[in-house]
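Trainee: Data: coords_18.cif, mmCIF, C-alpha atoms.
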```cif
data_input
loop_
_atom_site.label_atom_id
_atom_site.label_comp_id
_atom_site.auth_asym_id
_atom_site.auth_seq_id
_atom_site.Cartn_x
_atom_site.Cartn_y
_atom_site.Cartn_z
CA MET Q 1 77.86 109.26 132.54
CA SER Q 2 78.51 107.93 136.03
CA GLN Q 3 79.46 104.41 136.84
CA ASN Q 4 79.38 102.46 140.07
CA PRO Q 5 83.01 102.26 141.25
CA ASN Q 6 82.29 98.91 142.88
CA LEU Q 7 81.15 97.41 139.60
CA LYS Q 8 83.66 94.80 138.54
CA GLY Q 9 84.32 93.54 135.08
CA PRO Q 10 87.09 92.64 132.62
CA ALA Q 11 89.81 95.17 131.98
CA LEU Q 12 88.88 97.46 129.08
CA ASP Q 13 91.06 99.36 126.66
CA ARG Q 14 90.46 102.88 125.32
CA SER Q 15 88.33 101.71 122.41
CA ASP Q 16 86.14 99.71 124.79
CA VAL Q 17 85.27 102.60 127.09
CA ARG Q 18 84.19 104.90 124.24
CA VAL Q 19 80.40 104.90 124.25
CA VAL Q 20 78.99 104.50 120.75
CA HIS Q 21 75.75 106.39 120.09
CA ALA Q 22 75.07 104.81 116.72
CA GLU Q 23 72.58 102.37 115.27
CA GLY Q 24 72.97 100.64 111.95
CA LEU Q 25 75.09 101.69 109.02
CA SER Q 26 73.90 105.32 109.08
CA GLY Q 27 75.01 105.61 112.68
CA ALA Q 28 78.36 103.99 111.89
CA LEU Q 29 78.87 106.46 109.04
CA HIS Q 30 77.95 109.37 111.32
CA THR Q 31 80.45 108.12 113.90
CA LEU Q 32 83.17 107.83 111.24
CA VAL Q 33 82.55 111.39 110.04
CA GLY Q 34 82.72 112.64 113.62
CA ARG Q 35 86.04 110.87 114.20
CA VAL Q 36 87.51 112.33 111.02
CA LYS Q 37 86.39 115.84 111.97
CA SER Q 38 88.04 115.45 115.38
CA GLY Q 39 91.36 114.45 113.77
CA ASP Q 40 91.11 110.67 114.20
CA LEU Q 41 91.88 109.89 110.54
CA GLY Q 42 93.27 106.40 110.96
CA MET Q 43 94.38 104.96 107.61
CA LEU Q 44 91.81 106.87 105.55
CA PRO Q 45 94.34 109.25 103.90
CA VAL Q 46 96.64 106.47 102.73
CA ALA Q 47 93.70 104.44 101.42
CA ILE Q 48 92.54 107.43 99.37
CA GLY Q 49 96.11 108.03 98.19
CA LEU Q 50 96.47 104.40 97.10
CA ILE Q 51 93.27 104.63 95.07
CA VAL Q 52 94.48 107.83 93.38
CA ILE Q 53 97.92 106.34 92.60
CA SER Q 54 96.41 103.16 91.17
CA THR Q 55 93.95 105.12 89.04
CA VAL Q 56 96.62 107.43 87.59
CA PHE Q 57 99.10 104.68 86.75
CA SER Q 58 96.43 102.38 85.30
CA ILE Q 59 95.32 105.19 82.97
CA LEU Q 60 98.91 105.91 81.90
CA ASN Q 61 99.75 102.21 81.49
CA PRO Q 62 97.03 99.51 81.75
CA ILE Q 63 99.69 96.89 82.51
CA PHE Q 64 99.96 98.38 86.01
CA LEU Q 65 96.79 96.61 87.17
CA ALA Q 66 97.54 93.39 85.30
CA PRO Q 67 97.38 90.40 87.70
CA ASN Q 68 100.98 89.28 87.21
CA ASN Q 69 102.32 92.81 87.67
CA LEU Q 70 100.44 93.09 90.96
CA VAL Q 71 101.87 89.72 92.02
CA ASN Q 72 105.41 91.01 91.40
CA LEU Q 73 104.53 94.16 93.33
CA LEU Q 74 103.45 92.06 96.34
CA PHE Q 75 106.71 90.07 96.19
CA ASP Q 76 108.64 93.34 96.40
CA CYS Q 77 106.45 94.69 99.21
CA ALA Q 78 107.13 91.86 101.64
CA THR Q 79 110.84 92.39 102.32
CA VAL Q 80 110.80 96.09 103.21
CA GLY Q 81 107.28 95.78 104.65
CA ILE Q 82 108.42 93.35 107.33
CA ILE Q 83 111.22 95.75 108.27
CA SER Q 84 108.63 98.54 108.47
CA LEU Q 85 106.61 96.53 111.01
CA GLY Q 86 109.51 96.92 113.43
CA ILE Q 87 109.69 100.64 112.71
CA VAL Q 88 106.03 100.94 113.70
CA CYS Q 89 106.91 99.62 117.17
CA VAL Q 90 109.61 102.20 117.88
CA LEU Q 91 107.63 105.06 116.32
CA ILE Q 92 104.71 104.32 118.63
CA LEU Q 93 107.12 105.06 121.50
CA GLY Q 94 108.20 108.28 119.82
CA GLU Q 95 111.65 106.86 119.03
CA ILE Q 96 113.44 105.85 115.83
CA ASP Q 97 115.76 103.15 114.54
CA LEU Q 98 118.00 104.36 111.70
CA SER Q 99 119.93 101.11 111.41
CA VAL Q 100 117.23 98.69 110.22
CA GLY Q 101 118.60 98.82 106.67
CA SER Q 102 122.10 97.94 107.82
CA MET Q 103 120.65 95.25 110.11
CA SER Q 104 118.88 93.67 107.14
CA GLY Q 105 122.11 93.80 105.12
CA LEU Q 106 124.07 92.15 107.93
CA ALA Q 107 121.44 89.42 108.26
CA SER Q 108 121.68 88.80 104.52
CA ALA Q 109 125.47 88.51 104.80
CA ILE Q 110 125.18 86.09 107.72
CA ILE Q 111 122.95 83.83 105.63
CA GLY Q 112 125.45 83.75 102.78
CA VAL Q 113 128.54 83.22 104.94
CA LEU Q 114 127.13 80.56 107.28
CA TRP Q 115 124.96 78.67 104.81
CA VAL Q 116 126.90 78.83 101.54
CA ASN Q 117 130.51 79.41 102.57
CA SER Q 118 130.58 77.48 105.86
CA GLY Q 119 128.11 74.76 104.85
CA LEU Q 120 125.94 75.04 107.97
CA PRO Q 121 122.25 74.07 107.73
CA LEU Q 122 119.96 76.83 106.48
CA VAL Q 123 117.93 76.73 109.70
CA VAL Q 124 121.07 77.41 111.74
CA ALA Q 125 122.01 80.34 109.51
CA ILE Q 126 118.52 81.85 109.76
CA GLY Q 127 118.53 81.39 113.54
CA ALA Q 128 121.94 83.06 113.84
CA ALA Q 129 120.73 86.06 111.79
CA LEU Q 130 117.60 86.48 113.92
CA VAL Q 131 119.52 86.15 117.19
CA THR Q 132 122.00 88.77 115.97
CA GLY Q 133 119.10 91.11 115.30
CA ALA Q 134 117.68 90.55 118.77
CA LEU Q 135 121.06 91.18 120.40
CA VAL Q 136 121.54 94.42 118.47
CA GLY Q 137 118.09 95.59 119.58
CA ALA Q 138 118.92 94.71 123.19
CA LEU Q 139 122.13 96.75 122.90
CA TYR Q 140 120.16 99.78 121.68
CA ALA Q 141 117.75 99.37 124.58
CA PHE Q 142 120.65 99.22 127.04
CA MET Q 143 122.21 102.39 125.65
CA TYR Q 144 118.84 104.14 125.79
CA ASN Q 145 117.61 102.89 129.18
CA ARG Q 146 120.86 102.75 131.15
CA LEU Q 147 123.13 105.28 129.47
CA GLY Q 148 120.50 107.80 128.38
CA MET Q 149 121.75 107.84 124.78
CA PRO Q 150 119.07 109.15 122.37
CA SER Q 151 117.79 106.48 120.02
CA PHE Q 152 118.68 108.69 117.04
CA VAL Q 153 122.36 108.69 118.01
CA ALA Q 154 122.49 105.08 119.18
CA THR Q 155 120.97 103.69 116.01
CA LEU Q 156 122.92 106.04 113.76
CA SER Q 157 126.15 104.70 115.25
CA GLY Q 158 124.70 101.21 114.85
CA LEU Q 159 124.02 101.91 111.18
CA LEU Q 160 127.72 102.55 110.57
CA ALA Q 161 128.93 99.70 112.77
CA LEU Q 162 126.58 97.12 111.23
CA LEU Q 163 127.46 98.24 107.71
CA GLY Q 164 131.16 97.85 108.51
CA LEU Q 165 130.53 94.39 109.99
CA GLN Q 166 128.57 93.40 106.87
CA LEU Q 167 131.46 94.41 104.61
CA TYR Q 168 133.96 92.64 106.87
CA ILE Q 169 132.27 89.23 106.96
CA LEU Q 170 131.56 89.25 103.21
CA GLY Q 171 135.25 89.73 102.55
CA PRO Q 172 136.89 90.93 99.33
CA THR Q 173 134.46 89.10 97.03
CA GLY Q 174 131.62 91.30 98.27
CA SER Q 175 128.90 88.97 97.03
CA ILE Q 176 127.73 85.42 97.67
CA ASN Q 177 125.24 83.74 95.33
CA LEU Q 178 122.57 81.58 96.94
CA PRO Q 179 121.49 78.28 95.31
CA TYR Q 180 118.59 79.02 92.96
CA ALA Q 181 116.98 75.64 93.58
CA SER Q 182 117.00 76.07 97.37
CA PRO Q 183 113.72 76.43 99.29
CA LEU Q 184 114.76 79.89 100.52
CA VAL Q 185 115.26 81.32 97.03
CA ARG Q 186 112.14 79.63 95.69
CA PHE Q 187 110.17 81.12 98.59
CA GLY Q 188 111.38 84.60 97.70
CA GLN Q 189 110.95 84.37 93.93
CA ILE Q 190 108.35 81.92 92.69
CA LEU Q 191 106.32 80.20 95.41
CA VAL Q 192 102.64 81.22 95.45
CA MET Q 193 99.63 79.84 97.28
CA PRO Q 194 97.23 77.43 95.59
CA GLY Q 195 94.07 79.23 94.52
CA TRP Q 196 91.81 77.36 96.92
CA MET Q 197 94.12 78.08 99.86
CA SER Q 198 94.38 81.81 99.20
CA ALA Q 199 90.58 81.99 98.83
CA LEU Q 200 90.16 80.13 102.12
CA LEU Q 201 92.67 82.35 103.93
CA GLY Q 202 90.86 85.38 102.53
CA LEU Q 203 87.94 84.51 104.79
CA LEU Q 204 90.12 84.77 107.90
CA PRO Q 205 90.18 88.60 108.39
CA GLY Q 206 86.37 88.84 108.27
CA LEU Q 207 86.05 85.91 110.65
CA VAL Q 208 88.54 87.49 113.05
CA MET Q 209 86.61 90.79 112.90
CA VAL Q 210 83.38 89.01 113.87
CA VAL Q 211 84.98 87.04 116.71
CA VAL Q 212 86.76 90.08 118.14
CA GLY Q 213 83.64 92.23 117.69
CA LEU Q 214 81.46 89.76 119.55
CA SER Q 215 84.04 89.55 122.33
CA VAL Q 216 84.16 93.35 122.68
CA ARG Q 217 80.38 93.52 122.60
CA LYS Q 218 80.12 90.98 125.40
CA ARG Q 219 82.66 92.85 127.54
CA ARG Q 220 80.89 96.18 127.02
CA GLU Q 221 77.50 94.75 127.91
CA ALA Q 222 79.01 93.24 131.06
CA VAL Q 223 79.73 96.77 132.35
CA ASN Q 224 76.51 98.31 130.98
CA LEU Q 225 78.09 100.18 128.07
CA SER Q 226 76.46 100.48 124.67
CA SER Q 227 77.97 98.59 121.74
CA GLN Q 228 77.66 98.58 117.98
CA PRO Q 229 74.66 96.69 116.58
CA LEU Q 230 75.24 93.15 115.40
CA SER Q 231 73.98 94.13 111.95
CA THR Q 232 76.73 96.73 111.62
CA LEU Q 233 79.39 94.25 112.72
CA PHE Q 234 78.32 91.60 110.26
CA VAL Q 235 77.95 94.07 107.39
CA LYS Q 236 81.48 95.43 108.00
CA ALA Q 237 82.90 91.90 108.13
CA GLY Q 238 80.97 90.98 104.99
CA ILE Q 239 82.26 93.99 103.04
CA LEU Q 240 85.83 93.26 104.14
CA THR Q 241 85.51 89.62 103.10
CA ILE Q 242 84.05 90.52 99.69
CA VAL Q 243 86.86 93.01 98.99
CA ILE Q 244 89.59 90.56 100.01
CA GLU Q 245 88.08 87.68 98.06
CA ALA Q 246 87.75 89.89 94.98
CA ILE Q 247 91.44 90.87 95.22
CA VAL Q 248 92.50 87.25 95.75
CA SER Q 249 90.41 86.07 92.81
CA TYR Q 250 91.94 88.73 90.58
CA LEU Q 251 95.49 87.79 91.64
CA ASN Q 252 94.70 84.14 90.96
CA LEU Q 253 94.07 85.10 87.34
CA GLY Q 254 97.85 85.53 87.25
CA ARG Q 255 100.42 83.61 89.26
CA GLY Q 256 98.52 83.87 92.54
CA VAL Q 257 99.20 85.27 96.01
CA PRO Q 258 102.90 84.99 97.00
CA TRP Q 259 103.67 83.00 100.12
CA MET Q 260 106.15 85.68 101.12
CA PHE Q 261 103.44 88.36 101.08
CA GLY Q 262 101.21 85.99 103.03
CA LEU Q 263 103.92 85.79 105.71
CA PHE Q 264 104.03 89.60 105.78
CA VAL Q 265 100.25 89.82 106.28
CA VAL Q 266 100.32 87.18 109.03
CA LEU Q 267 103.06 89.08 110.89
CA ALA Q 268 101.05 92.30 110.54
CA MET Q 269 97.97 90.57 111.98
CA VAL Q 270 99.94 89.12 114.89
CA LEU Q 271 101.54 92.49 115.67
CA ASN Q 272 98.16 94.22 115.38
CA TYR Q 273 96.69 91.74 117.87
CA GLY Q 274 99.60 92.35 120.23
CA LEU Q 275 99.20 96.12 120.02
CA THR Q 276 95.43 96.22 120.38
CA ARG Q 277 94.48 93.21 122.51
CA THR Q 278 97.27 92.67 125.01
CA GLN Q 279 98.60 94.44 128.07
CA TRP Q 280 101.92 94.88 126.28
CA GLY Q 281 100.21 96.74 123.46
CA ARG Q 282 98.29 99.03 125.80
CA SER Q 283 101.53 99.75 127.61
CA MET Q 284 103.23 100.61 124.30
CA PHE Q 285 100.64 103.27 123.50
CA ALA Q 286 100.65 104.53 127.08
CA VAL Q 287 104.44 105.00 127.10
CA GLY Q 288 104.36 106.60 123.67
CA GLY Q 289 101.60 108.98 124.73
CA ASN Q 290 103.14 110.05 128.04
CA ARG Q 291 106.16 108.25 129.40
CA GLU Q 292 106.05 109.77 132.88
CA ALA Q 293 102.33 109.10 133.32
CA ALA Q 294 102.90 105.50 132.20
CA ARG Q 295 105.72 105.10 134.72
CA ARG Q 296 103.58 106.49 137.53
CA SER Q 297 100.78 104.08 136.65
CA GLY Q 298 103.11 101.14 137.28
CA ILE Q 299 104.22 100.26 133.76
CA ASN Q 300 107.78 98.97 133.45
CA VAL Q 301 108.88 101.59 130.94
CA ARG Q 302 112.37 100.20 130.43
CA ARG Q 303 110.99 96.78 129.59
CA ILE Q 304 108.61 98.29 127.03
CA TYR Q 305 111.47 100.15 125.32
CA THR Q 306 113.56 96.99 125.32
CA SER Q 307 110.78 94.94 123.71
CA ALA Q 308 110.29 97.56 120.98
CA PHE Q 309 113.97 97.85 120.06
CA VAL Q 310 114.50 94.07 120.12
CA LEU Q 311 111.41 93.48 117.99
CA CYS Q 312 112.44 96.20 115.52
CA SER Q 313 115.94 94.81 114.97
CA THR Q 314 114.71 91.23 114.79
CA LEU Q 315 112.15 92.11 112.13
CA GLY Q 316 114.90 94.03 110.34
CA ALA Q 317 116.98 90.85 110.29
CA LEU Q 318 114.03 88.83 109.01
CA GLY Q 319 113.52 91.37 106.24
CA GLY Q 320 117.19 90.98 105.31
CA ILE Q 321 116.80 87.19 105.12
CA LEU Q 322 113.81 87.54 102.79
CA SER Q 323 115.69 90.14 100.74
CA ALA Q 324 118.50 87.63 100.23
CA SER Q 325 115.94 85.04 99.14
CA ARG Q 326 114.35 87.55 96.75
CA LEU Q 327 117.68 88.51 95.15
CA ALA Q 328 119.27 85.04 95.47
CA SER Q 329 122.43 86.63 96.83
CA SER Q 330 124.13 88.23 99.80
CA SER Q 331 126.05 91.30 98.74
CA GLN Q 332 127.56 94.53 99.98
CA GLN Q 333 124.62 96.43 98.46
CA ALA Q 334 122.04 94.57 100.55
CA GLY Q 335 120.32 96.89 103.01
CA THR Q 336 121.87 100.01 101.50
CA GLY Q 337 120.30 102.59 99.20
CA ASP Q 338 116.70 103.44 100.04
CA VAL Q 339 115.84 100.35 102.12
CA ASN Q 340 116.22 102.18 105.42
CA LEU Q 341 114.31 105.26 104.31
CA ASN Q 342 111.54 103.27 102.62
CA ALA Q 343 110.95 101.23 105.77
CA ILE Q 344 110.56 104.38 107.86
CA ALA Q 345 108.57 106.18 105.18
CA ALA Q 346 106.15 103.24 104.82
CA ALA Q 347 105.24 103.35 108.51
CA VAL Q 348 104.72 107.12 108.46
CA ILE Q 349 102.85 107.20 105.15
CA GLY Q 350 100.62 104.39 106.42
CA GLY Q 351 99.51 106.51 109.37
CA THR Q 352 101.87 105.87 112.27
CA SER Q 353 102.54 109.14 114.06
CA LEU Q 354 106.04 110.53 114.42
CA PHE Q 355 104.91 112.11 117.69
CA GLY Q 356 104.37 108.74 119.38
CA GLY Q 357 101.31 107.17 120.96
CA ARG Q 358 99.46 106.41 117.71
CA GLY Q 359 100.00 103.78 115.05
CA SER Q 360 98.95 100.44 113.64
CA ALA Q 361 100.67 97.37 112.25
CA TYR Q 362 98.53 97.74 109.15
CA SER Q 363 100.07 101.15 108.50
CA ALA Q 364 103.25 99.36 107.40
CA LEU Q 365 101.19 97.17 105.08
CA LEU Q 366 99.42 100.05 103.35
CA GLY Q 367 102.45 102.34 103.41
CA ILE Q 368 104.79 99.93 101.67
CA ILE Q 369 102.15 99.16 99.04
CA VAL Q 370 101.96 102.90 98.30
CA ILE Q 371 105.75 103.17 97.97
CA GLN Q 372 106.09 100.07 95.80
CA ALA Q 373 103.13 101.14 93.67
CA ILE Q 374 104.89 104.42 92.92
CA SER Q 375 108.13 102.63 92.11
CA ASN Q 376 106.42 99.99 89.97
CA GLY Q 377 104.30 102.52 88.09
CA LEU Q 378 107.25 104.75 87.25
CA THR Q 379 109.26 101.73 86.10
CA LEU Q 380 106.48 100.71 83.72
CA LEU Q 381 106.47 104.24 82.33
CA ASN Q 382 110.25 104.05 81.75
CA LEU Q 383 110.78 107.19 83.81
CA ASN Q 384 113.97 108.05 85.64
CA SER Q 385 114.35 106.70 89.17
CA SER Q 386 115.01 110.25 90.35
CA LEU Q 387 111.27 110.90 89.96
CA ARG Q 388 110.54 108.02 92.30
CA TYR Q 389 112.61 109.62 95.06
CA MET Q 390 110.98 113.00 94.53
CA ILE Q 391 107.43 111.65 94.43
CA THR Q 392 108.00 109.39 97.44
CA GLY Q 393 109.49 112.34 99.31
CA ALA Q 394 106.47 114.48 98.45
CA VAL Q 395 104.07 111.75 99.60
CA LEU Q 396 106.02 111.40 102.85
CA ALA Q 397 105.92 115.16 103.43
CA ILE Q 398 102.17 115.21 102.82
CA ALA Q 399 101.69 112.31 105.24
CA VAL Q 400 103.62 114.13 107.99
CA ILE Q 401 101.69 117.35 107.35
CA VAL Q 402 98.38 115.48 107.57
CA ASP Q 403 99.54 113.81 110.78
CA SER Q 404 100.54 117.15 112.28
CA LEU Q 405 97.24 118.82 111.36
CA ALA Q 406 95.28 115.83 112.64
CA ARG Q 407 97.18 116.01 115.92
CA ARG Q 408 96.25 119.69 116.30
CA SER Q 409 92.63 118.80 115.65
CA ARG Q 410 92.73 116.04 118.26
CA VAL Q 411 94.19 118.48 120.78
CA SER Q 412 91.47 121.04 120.09
CA HIS Q 413 88.81 118.35 120.50
CA GLY Q 414 90.40 116.95 123.65
CA ARG Q 415 91.31 113.61 122.08
CA ALA Q 416 95.11 113.90 121.88
#
```
Take the structure I supplied and represent it as structure tokens, if you would.
Mentor:
Amino acid sequence: MSQNPNLKGPALDRSDVRVVHAEGLSGALHTLVGRVKSGDLGMLPVAIGLIVISTVFSILNPIFLAPNNLVNLLFDCATVGIISLGIVCVLILGEIDLSVGSMSGLASAIIGVLWVNSGLPLVVAIGAALVTGALVGALYAFMYNRLGMPSFVATLSGLLALLGLQLYILGPTGSINLPYASPLVRFGQILVMPGWMSALLGLLPGLVMVVVGLSVRKRREAVNLSSQPLSTLFVKAGILTIVIEAIVSYLNLGRGVPWMFGLFVVLAMVLNYGLTRTQWGRSMFAVGGNREAARRSGINVRRIYTSAFVLCSTLGALGGILSASRLASSSQQAGTGDVNLNAIAAAVIGGTSLFGGRGSAYSALLGIIVIQAISNGLTLLNLNSSLRYMITGAVLAIAVIVDSLARRSRVSHGRA
């Protein structure tokens, strides 16, 4: 298909320049099957896995799908899920941050020391924790961009240093209890949205899909490219809205949708918009796909790496703040254990590629739900926590294998 080089129009991303030869729902289904066959799986594997996990645990223990149990599951998802959003950013570049768990623990300690021990306002303590996260990310970027230190080594050394700093500022007591009646602790433990508000917010994703779809359609038509039929767009948005409203209505039979999980979803939506609809996001995928080609095309590669590392550490700090609110304490155990590994595993299980150049903010959302569903289901069955590690490890291995096979398929189909 040739195109007049003098034809001018808005800048288009990769999804915009892909001509869609489909009409109606049957055409959309045919297109989806073709993408899957060519290795473009998206989040389909994790969605299928989540359905299987939910079915198995609900059969073994019906309490698993009880509204209040799902509400507790969403509370637990938010803290590590927000940390995983930052991991998505660095994985898209083909890098890694091994210190996000320690960063979250340090942020938790900062909250306890500045707010409870020193008596500073909560807002100041939260700001100090977030700024610390941003500075740590900037330091990683400096070591990577200027000194050539691999991100694996830089963040591994940061893991140890941040853990030591966390232990140092907490002092010999090792734990600081946060006031139970404070807004921060209430936010992390009991605050849920009113039913009418959660139902209203449930309409937002479908509305955003329609608005974005119409915008893309207009841009494609401006440069004489085909676009998906309006009927397909509205049906997709309608199905999404029905599913979300059904989930929200079911959760409202219990305590309701947690505000903390709502914050997690909003951050995922904002990050997804940044990755898919901004020049920064296109540059992220370009650098992750081929750094040298991105540099030759005029992208400031160092700035992109800096933004990813700063965003990752800052989100790690935010996750630590919410973890402190969830546990009502700042302790030496915060950020340790499986926090670091779960954050990385959630991004990979959700569909973000370890090879760089592919990923989505929603992969962190789905991935952490899978991990917490496994943990919650095994807890309800009174099984040993060792099984949780083994099953999560198996799911992670399967996700990486699927990603590797899908990448081979994309290469063979010329879509890598």
Trainee: Neighbourhood query: residues within 12 Å of (107.0, 112.7, 95.4), file coordinates, counting all atoms listed in the file; return as a ChimeraX atom specification.
Mentor: /Q:53,345,349,370-371,374-375,378,385-399
Trainee: Quick one: everything within 8 Å of region 199-212 of chain Q, counting all atoms listed in the file, minus sequence neighbours fewer than 6 positions away in the same chain. Send it as a PyMOL selection string.
Mentor: chain Q and resi 233-234+237-238+240-241+244-245+248-249
Trainee: Mind giving me the straight-line distance from CA of Gly105 (chain Q) to CA of Val46 (chain Q) in Å, one decimal?
Mentor: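 Interatomic distance here is 28.5 Å.
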Trainee: What separation in Å, quoted to one decimal, exists between CA of Arg296 (chain Q) and CA of Gln279 (chain Q)?
Mentor: 16.1 Å
Trainee: Could you check which of Q:Ile369, Q:Val192, Q:Ala78, Q:Ile96 is closest to Phe152 (chain Q), using all atoms listed in the file?
Mentor: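 Closest to Phe152 (chain Q) of all the choices is Q:Ile96.
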Trainee: If I take CA of Leu160 (chain Q) and CA of Asn340 (chain Q), how far is one from the other in Å, to one decimal?
Mentor: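 Here the two named atoms are 12.6 Å from each other.
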Trainee: Using only C-alpha atoms, pick whichever of Q:Thr155, Q:Asn290, Q:Ser54, Q:Ser104 has the shortest atom-to-atom distance to Ala66 (chain Q).
Mentor: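 Using only C-alpha atoms, the shortest distance to Ala66 (chain Q) belongs to Q:Ser54.
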Trainee: When you count all atoms listed in the file, which of these residues is closest to Ser353 (chain Q): Q:Leu147, Q:Leu91, Q:Ile83, Q:Val136?
Mentor: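 Smallest separation from Ser353 (chain Q) among the options: Q:Leu91.
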Trainee: In the coordinates of the file, take the point (103.9, 84.3, 94.3) and a cut-off of 12 Å; then, counting all atoms listed in the file, name each qualifying protein, DNA or RNA residue as a count of residues only.
Mentor: 37
Trainee: Nearest to Val339 (chain Q): which of Q:Val52, Q:Ile110, Q:Leu135, Q:Met103 is it, counting all atoms listed in the file?
Mentor: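 Checking each candidate against Val339 (chain Q), we get Q:Met103 as the closest.
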Trainee: Excluding Gly137 (chain Q) and its own-chain neighbours fewer than 6 positions away, which residues fall within 8 Å of it when counting only C-alpha atoms? Please give them as a ChimeraX atom specification.
Mentor: /Q:306,309-314
Trainee: When you look at Ile368 (chain Q) with a cut-off of 8 Å (counting only C-alpha atoms), what residues show up, excluding the ones that are within fewer than 6 positions of it in the same chain? I need them as a list in words.
Mentor: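 Everything that qualifies: Cys77, Val80, Gly81, Ser84, Asn342, Ala343, Ala346, Ala347 and Gly350 of chain Q.
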Trainee: For a quick check of understanding, using only C-alpha atoms, which of Q:Tyr250, Q:Trp115, Q:Phe264, Q:Phe355 has the smallest distance to Leu184 (chain Q)?
Mentor: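 That would be Q:Trp115, the residue with the smallest distance to Leu184 (chain Q).
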Trainee: Under the rule that only C-alpha atoms are counted, which of Q:Ser182, Q:Asn177, Q:Thr79, Q:Ser58 is the nearest residue to Val113 (chain Q)?
Mentor: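 So, comparing all the options, the nearest one is Q:Asn177.
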Trainee: Excluding same-chain residues fewer than 3 positions from Ser102 (chain Q), what lies within 6 Å of it counting all atoms listed in the file, as a list in words?
Mentor: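 With the cut-off at 6 Å, the set is Ser99, Gly105, Leu159, Leu162, Leu163 and Gly335 of chain Q.
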Trainee: Could you please take those selected residues and save C-alpha atoms as a compact mmCIF listing (two decimals), in the frame of the given file?
Mentor:
```
# COMPACT_ATOMS: atom_id res chain seq x y z
CA SER Q 99 119.93 101.11 111.41
CA GLY Q 105 122.11 93.80 105.12
CA LEU Q 159 124.02 101.91 111.18
CA LEU Q 162 126.58 97.12 111.23
CA LEU Q 163 127.46 98.24 107.71
CA GLY Q 335 120.32 96.89 103.01
```
Trainee: Assuming the chain letters and numbering stay as they are in my file, what does the PyMOL selection byres ((chain Q and resi 95) around 12) actually select? List them as a PDB file with C-alpha atoms, keeping the file's coordinate frame.
Mentor:
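Here's the written file expr_25.pdb:
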```pdb
ATOM      1  CA  GLY Q  86     109.510  96.920 113.430  1.00  0.00           C
ATOM      2  CA  ILE Q  87     109.690 100.640 112.710  1.00  0.00           C
ATOM      3  CA  VAL Q  88     106.030 100.940 113.700  1.00  0.00           C
ATOM      4  CA  CYS Q  89     106.910  99.620 117.170  1.00  0.00           C
ATOM      5  CA  VAL Q  90     109.610 102.200 117.880  1.00  0.00           C
ATOM      6  CA  LEU Q  91     107.630 105.060 116.320  1.00  0.00           C
ATOM      7  CA  ILE Q  92     104.710 104.320 118.630  1.00  0.00           C
ATOM      8  CA  LEU Q  93     107.120 105.060 121.500  1.00  0.00           C
ATOM      9  CA  GLY Q  94     108.200 108.280 119.820  1.00  0.00           C
ATOM     10  CA  ILE Q  96     113.440 105.850 115.830  1.00  0.00           C
ATOM     11  CA  ASP Q  97     115.760 103.150 114.540  1.00  0.00           C
ATOM     12  CA  LEU Q  98     118.000 104.360 111.700  1.00  0.00           C
ATOM     13  CA  TYR Q 140     120.160  99.780 121.680  1.00  0.00           C
ATOM     14  CA  ALA Q 141     117.750  99.370 124.580  1.00  0.00           C
ATOM     15  CA  TYR Q 144     118.840 104.140 125.790  1.00  0.00           C
ATOM     16  CA  MET Q 149     121.750 107.840 124.780  1.00  0.00           C
ATOM     17  CA  PRO Q 150     119.070 109.150 122.370  1.00  0.00           C
ATOM     18  CA  SER Q 151     117.790 106.480 120.020  1.00  0.00           C
ATOM     19  CA  PHE Q 152     118.680 108.690 117.040  1.00  0.00           C
ATOM     20  CA  VAL Q 153     122.360 108.690 118.010  1.00  0.00           C
ATOM     21  CA  ALA Q 154     122.490 105.080 119.180  1.00  0.00           C
ATOM     22  CA  THR Q 155     120.970 103.690 116.010  1.00  0.00           C
ATOM     23  CA  MET Q 284     103.230 100.610 124.300  1.00  0.00           C
ATOM     24  CA  VAL Q 287     104.440 105.000 127.100  1.00  0.00           C
ATOM     25  CA  GLY Q 288     104.360 106.600 123.670  1.00  0.00           C
ATOM     26  CA  GLY Q 289     101.600 108.980 124.730  1.00  0.00           C
ATOM     27  CA  ARG Q 291     106.160 108.250 129.400  1.00  0.00           C
ATOM     28  CA  TYR Q 305     111.470 100.150 125.320  1.00  0.00           C
ATOM     29  CA  THR Q 306     113.560  96.990 125.320  1.00  0.00           C
ATOM     30  CA  ALA Q 308     110.290  97.560 120.980  1.00  0.00           C
ATOM     31  CA  PHE Q 309     113.970  97.850 120.060  1.00  0.00           C
ATOM     32  CA  CYS Q 312     112.440  96.200 115.520  1.00  0.00           C
ATOM     33  CA  ILE Q 344     110.560 104.380 107.860  1.00  0.00           C
ATOM     34  CA  THR Q 352     101.870 105.870 112.270  1.00  0.00           C
ATOM     35  CA  SER Q 353     102.540 109.140 114.060  1.00  0.00           C
ATOM     36  CA  LEU Q 354     106.040 110.530 114.420  1.00  0.00           C
ATOM     37  CA  PHE Q 355     104.910 112.110 117.690  1.00  0.00           C
ATOM     38  CA  GLY Q 356     104.370 108.740 119.380  1.00  0.00           C
ATOM     39  CA  GLY Q 357     101.310 107.170 120.960  1.00  0.00           C
TER      40      GLY Q 357
END
```
Trainee: Kindly resolve the PyMOL selection byres ((chain Q and resi 328) around 7) on the present coordinates and return the residues as a PyMOL selection string.
Mentor: chain Q and resi 177-178+180+185+324-327+329
Trainee: Using 3 Å of padding on each side, determine the axis-aligned box around all atoms of region 120-125 of chain Q present in the file and give its centre and edge lengths in Å to one decimal, as AutoDock Vina command-line options.
Mentor:
```
--center_x 121.9 --center_y 77.2 --center_z 109.1 --size_x 14.0 --size_y 12.3 --size_z 11.3
```
